[in-house]
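Asks: See my_file-v1.cif below, with mmCIF, C-alpha atoms.
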```
data_run
#
loop_
_atom_site.label_atom_id
_atom_site.label_comp_id
_atom_site.auth_asym_id
_atom_site.auth_seq_id
_atom_site.Cartn_x
_atom_site.Cartn_y
_atom_site.Cartn_z
CA MET Y 288 -97.01 153.42 114.13
CA HIS Y 289 -94.55 150.61 114.10
CA LYS Y 290 -94.98 147.76 111.76
CA MET Y 291 -95.23 144.39 113.52
CA SER Y 292 -92.91 141.59 112.50
CA HIS Y 293 -94.37 138.47 110.94
CA GLN Y 294 -93.25 136.28 113.85
CA ARG Y 295 -94.80 138.59 116.42
CA LEU Y 296 -98.08 138.65 114.44
CA ILE Y 297 -98.22 134.83 114.33
CA GLN Y 298 -97.41 134.66 118.05
CA LEU Y 299 -100.25 137.07 118.90
CA LYS Y 300 -102.70 135.15 116.72
CA SER Y 301 -101.79 131.85 118.40
CA LEU Y 302 -102.17 133.45 121.87
CA MET Y 303 -105.61 134.77 120.92
CA LEU Y 304 -106.67 131.37 119.56
CA ASN Y 305 -105.49 129.63 122.74
CA LYS Y 306 -107.41 132.12 124.88
CA ALA Y 307 -110.56 131.65 122.77
CA ARG Y 308 -110.20 127.84 123.04
CA GLU Y 309 -109.93 128.07 126.83
CA ASP Y 310 -112.97 130.35 127.00
CA LEU Y 311 -115.04 127.92 124.92
CA LYS Y 312 -114.06 124.99 127.16
CA ARG Y 313 -114.91 127.00 130.28
CA GLU Y 314 -118.31 128.06 128.85
CA ALA Y 315 -119.14 124.47 127.88
CA ALA Y 316 -118.29 123.28 131.41
CA GLU Y 317 -120.45 126.07 132.92
CA LYS Y 318 -123.39 125.15 130.68
CA ALA Y 319 -123.09 121.48 131.61
CA GLU Y 320 -123.03 122.41 135.32
CA GLU Y 321 -126.07 124.69 134.91
CA LYS Y 322 -127.93 121.89 133.14
CA LYS Y 323 -127.15 119.44 135.96
CA THR Y 324 -128.33 121.87 138.65
CA ALA Y 325 -131.52 122.73 136.74
CA LEU Y 326 -132.35 119.05 136.24
CA SER Y 327 -131.64 118.23 139.89
CA LYS Y 328 -134.03 121.02 140.95
CA ARG Y 329 -136.80 119.82 138.64
CA MET Y 330 -136.48 116.07 139.08
CA ASN Y 331 -137.03 114.21 142.31
CA PRO Y 332 -135.71 110.67 142.71
CA ILE Y 333 -138.53 108.16 142.38
CA GLY Y 334 -137.06 105.43 144.51
CA SER Y 335 -137.71 101.74 144.11
CA LEU Y 336 -140.99 101.02 142.35
CA LEU Y 337 -141.00 97.41 143.51
CA THR Y 338 -141.34 98.34 147.18
CA MET Y 339 -144.20 100.82 146.67
CA GLN Y 340 -147.81 100.02 147.48
CA GLN Y 341 -150.53 100.38 144.87
CA GLN Y 342 -151.84 103.69 146.28
CA GLU Y 343 -148.32 105.13 146.30
CA LEU Y 344 -147.92 104.13 142.65
CA VAL Y 345 -151.28 105.73 141.76
CA ASP Y 346 -150.24 108.95 143.55
CA LEU Y 347 -146.89 108.88 141.76
CA CYS Y 348 -148.64 108.47 138.39
CA ARG Y 349 -150.97 111.38 139.14
CA ASP Y 350 -148.04 113.55 140.17
CA ILE Y 351 -146.12 112.69 137.00
CA HIS Y 352 -149.24 113.33 134.91
CA SER Y 353 -149.73 116.78 136.44
CA LYS Y 354 -146.06 117.60 135.81
CA ILE Y 355 -146.45 116.48 132.20
CA ASP Y 356 -149.45 118.81 131.85
CA GLN Y 357 -147.45 121.72 133.29
CA VAL Y 358 -144.53 121.06 130.95
CA ASP Y 359 -146.90 120.72 128.00
CA GLU Y 360 -148.53 124.05 128.81
CA GLN Y 361 -145.13 125.72 129.15
CA ARG Y 362 -144.05 124.24 125.82
CA TYR Y 363 -147.25 125.47 124.18
CA GLU Y 364 -146.75 129.00 125.58
CA ILE Y 365 -143.13 129.06 124.46
CA ALA Y 366 -144.12 127.85 120.99
CA LEU Y 367 -146.65 130.70 120.77
CA LYS Y 368 -143.99 133.22 121.82
CA VAL Y 369 -141.55 131.81 119.26
CA LYS Y 370 -144.19 132.00 116.50
CA LYS Y 371 -145.03 135.58 117.49
CA ASN Y 372 -141.34 136.52 117.44
CA ASP Y 373 -140.84 134.80 114.07
CA ASP Y 374 -143.79 136.73 112.62
CA GLU Y 375 -142.40 139.97 114.05
CA ILE Y 376 -138.97 139.24 112.58
CA ALA Y 377 -140.53 138.50 109.19
CA ASP Y 378 -142.46 141.79 109.34
CA LEU Y 379 -139.31 143.73 110.25
CA ASN Y 380 -137.37 142.03 107.45
CA GLN Y 381 -140.15 142.98 105.04
CA GLN Y 382 -140.02 146.59 106.24
CA ILE Y 383 -136.24 146.62 105.76
CA PHE Y 384 -136.65 145.18 102.29
CA ASP Y 385 -139.29 147.78 101.48
CA LEU Y 386 -137.07 150.61 102.70
CA ARG Y 387 -134.02 149.38 100.83
CA GLY Y 388 -135.88 148.35 97.73
CA LYS Y 389 -137.24 151.77 96.85
CA PHE Y 390 -136.22 152.85 93.39
CA LYS Y 391 -137.50 155.34 90.92
CA ARG Y 392 -139.70 153.89 88.26
CA PRO Y 393 -139.42 155.48 84.85
CA LEU Y 394 -142.43 157.39 83.67
CA LEU Y 395 -144.13 155.44 80.93
CA ARG Y 396 -146.31 157.00 78.33
CA ARG Y 397 -149.71 155.45 77.86
CA VAL Y 398 -150.20 154.35 74.29
CA LYS Y 399 -153.69 153.90 73.01
CA ILE Y 400 -153.57 151.33 70.28
CA SER Y 401 -156.03 148.63 69.29
CA ALA Y 402 -155.14 144.98 68.88
CA ASP Y 403 -155.56 145.21 65.11
CA GLN Y 404 -153.17 148.16 64.93
CA MET Y 405 -150.65 146.34 67.10
CA LEU Y 406 -150.74 143.26 64.88
CA ARG Y 407 -150.36 145.40 61.76
CA ALA Y 408 -147.35 147.11 63.34
CA LEU Y 409 -145.77 143.77 64.28
CA LEU Y 410 -146.58 141.77 61.15
CA GLY Y 411 -146.50 144.53 58.63
CA SER Y 412 -149.17 145.92 56.36
CA LYS Y 413 -149.06 142.93 53.95
CA HIS Y 414 -150.77 140.61 56.44
CA LYS Y 415 -154.42 141.33 56.97
CA VAL Y 416 -155.26 140.03 60.44
CA SER Y 417 -158.40 140.87 62.32
CA MET Y 418 -158.70 140.04 65.96
CA ASP Y 419 -162.08 139.43 67.38
CA LEU Y 420 -161.20 138.81 71.00
CA ARG Y 421 -164.69 137.86 72.10
CA SER Y 422 -164.89 134.94 69.69
CA ASN Y 423 -161.94 133.25 71.40
CA LEU Y 424 -163.49 133.37 74.89
CA LYS Y 425 -164.76 130.16 76.43
CA SER Y 426 -168.33 129.92 77.59
CA VAL Y 427 -168.72 129.35 81.31
CA LYS Y 428 -171.39 127.04 82.66
CA LYS Y 429 -173.38 128.12 85.66
CA VAL Y 430 -172.68 125.86 88.62
CA ASP Y 431 -175.76 124.65 90.46
CA VAL Y 432 -175.09 124.40 94.18
CA LYS Y 433 -177.23 121.76 95.82
CA LYS Y 434 -178.72 122.24 99.24
CA ASP Y 435 -177.20 118.96 100.42
CA ASP Y 436 -173.68 120.21 99.63
CA VAL Y 437 -174.34 123.40 101.58
CA ARG Y 438 -175.70 121.40 104.53
CA LYS Y 439 -172.65 119.11 104.53
CA THR Y 440 -170.31 122.09 104.48
CA VAL Y 441 -172.18 123.79 107.32
CA TYR Y 442 -172.15 120.54 109.30
CA LEU Y 443 -168.37 120.17 108.82
CA VAL Y 444 -167.75 123.75 109.94
CA GLN Y 445 -169.95 123.25 113.01
CA PHE Y 446 -168.22 119.96 113.81
CA ARG Y 447 -164.76 121.56 113.60
CA TYR Y 448 -165.94 124.40 115.82
CA PHE Y 449 -167.33 121.88 118.34
CA ILE Y 450 -164.06 119.93 118.43
CA ALA Y 451 -162.00 123.11 118.88
CA ASN Y 452 -164.27 124.24 121.74
CA LEU Y 453 -164.07 120.80 123.31
CA PHE Y 454 -160.26 120.90 123.20
CA PHE Y 455 -159.98 124.38 124.69
CA THR Y 456 -162.67 123.68 127.31
CA ASP Y 457 -160.85 120.50 128.38
CA ARG Y 458 -157.59 122.45 128.58
CA SER Y 459 -159.19 125.21 130.70
CA LYS Y 460 -160.72 122.60 133.04
CA ARG Y 461 -157.29 121.06 133.55
CA LEU Y 462 -155.89 124.51 134.32
CA GLU Y 463 -158.67 125.11 136.86
CA ARG Y 464 -158.00 121.76 138.55
CA GLN Y 465 -154.36 122.64 139.02
CA HIS Y 466 -155.06 125.97 140.71
#
```
Just give me the structure as structure tokens.

Replies:
Amino acid sequence: MHKMSHQRLIQLKSLMLNKAREDLKREAAEKAEEKKTALSKRMNPIGSLLTMQQQELVDLCRDIHSKIDQVDEQRYEIALKVKKNDDEIADLNQQIFDLRGKFKRPLLRRVKISADQMLRALLGSKHKVSMDLRSNLKSVKKVDVKKDDVRKTVYLVQFRYFIANLFFTDRSKRLERQH
């Protein structure tokens, strides 16, 4: 293989950079053109609002409202897909981490030693320390749950369930009206 001269190497790099720059400009122009065509397909010109009659304005508002509902539903579906994909990516990353992160743990011997023996080993035999672990524990009071608190909690749960059902029922009714 022949070794390339420094000048030739710089010339090739500059040619590649110029080509990449041209490609980026061309792609940006194509994206802008695609955006214009997509918007022109989706949007219809409204016309002059001042010359429209009241019924025409009401029809226009209804049409815009239905389009907003459609776009909102599409956005909601896309958000669900994105969340599902994000969860899937996180799961795959966790699996990769689990596969890479495997290492051998050293075998540890189990040592049976009491707390008193451990303190004697740490402090020496001169210090006489006795540990009574149960004397240091705190006493726990029994909590009395009132029936009113339980009723309030149940009411809140039922109310949240009712609101969620109301939202989804309203959404399904709108979907039925469109079809």

Asks: Find the distance between atom CA of Ile351 of chain Y and atom CA of Ile333 of chain Y and write it in Å to one decimal.

Replies: 10.3 Å

Asks: Rank nothing, just name the residue among Y:Ala316, Y:Glu309, Y:Asp373, Y:Lys354 nearest to Asn331 of chain Y, using only C-alpha atoms.

Replies: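 Of all the options, Y:Lys354 lies closest to Asn331 of chain Y.
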
Asks: Would you pick out the contacts of Arg329 of chain Y at 12 Å or less, using only C-alpha atoms, so that residues sharing its chain but fewer than 4 positions from it are not included, and give the list as a list in words?

Replies: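 Selected residues are Lys322, Lys323, Thr324, Ala325, Ile351, Lys354 and Val358 of chain Y.
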
Asks: Calculate how many Å separate atom CA of Met303 of chain Y from atom CA of Met291 of chain Y, rounding to one decimal.

Replies: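 About the pair atom CA of Met303 of chain Y and atom CA of Met291 of chain Y: they are 16.0 Å apart.
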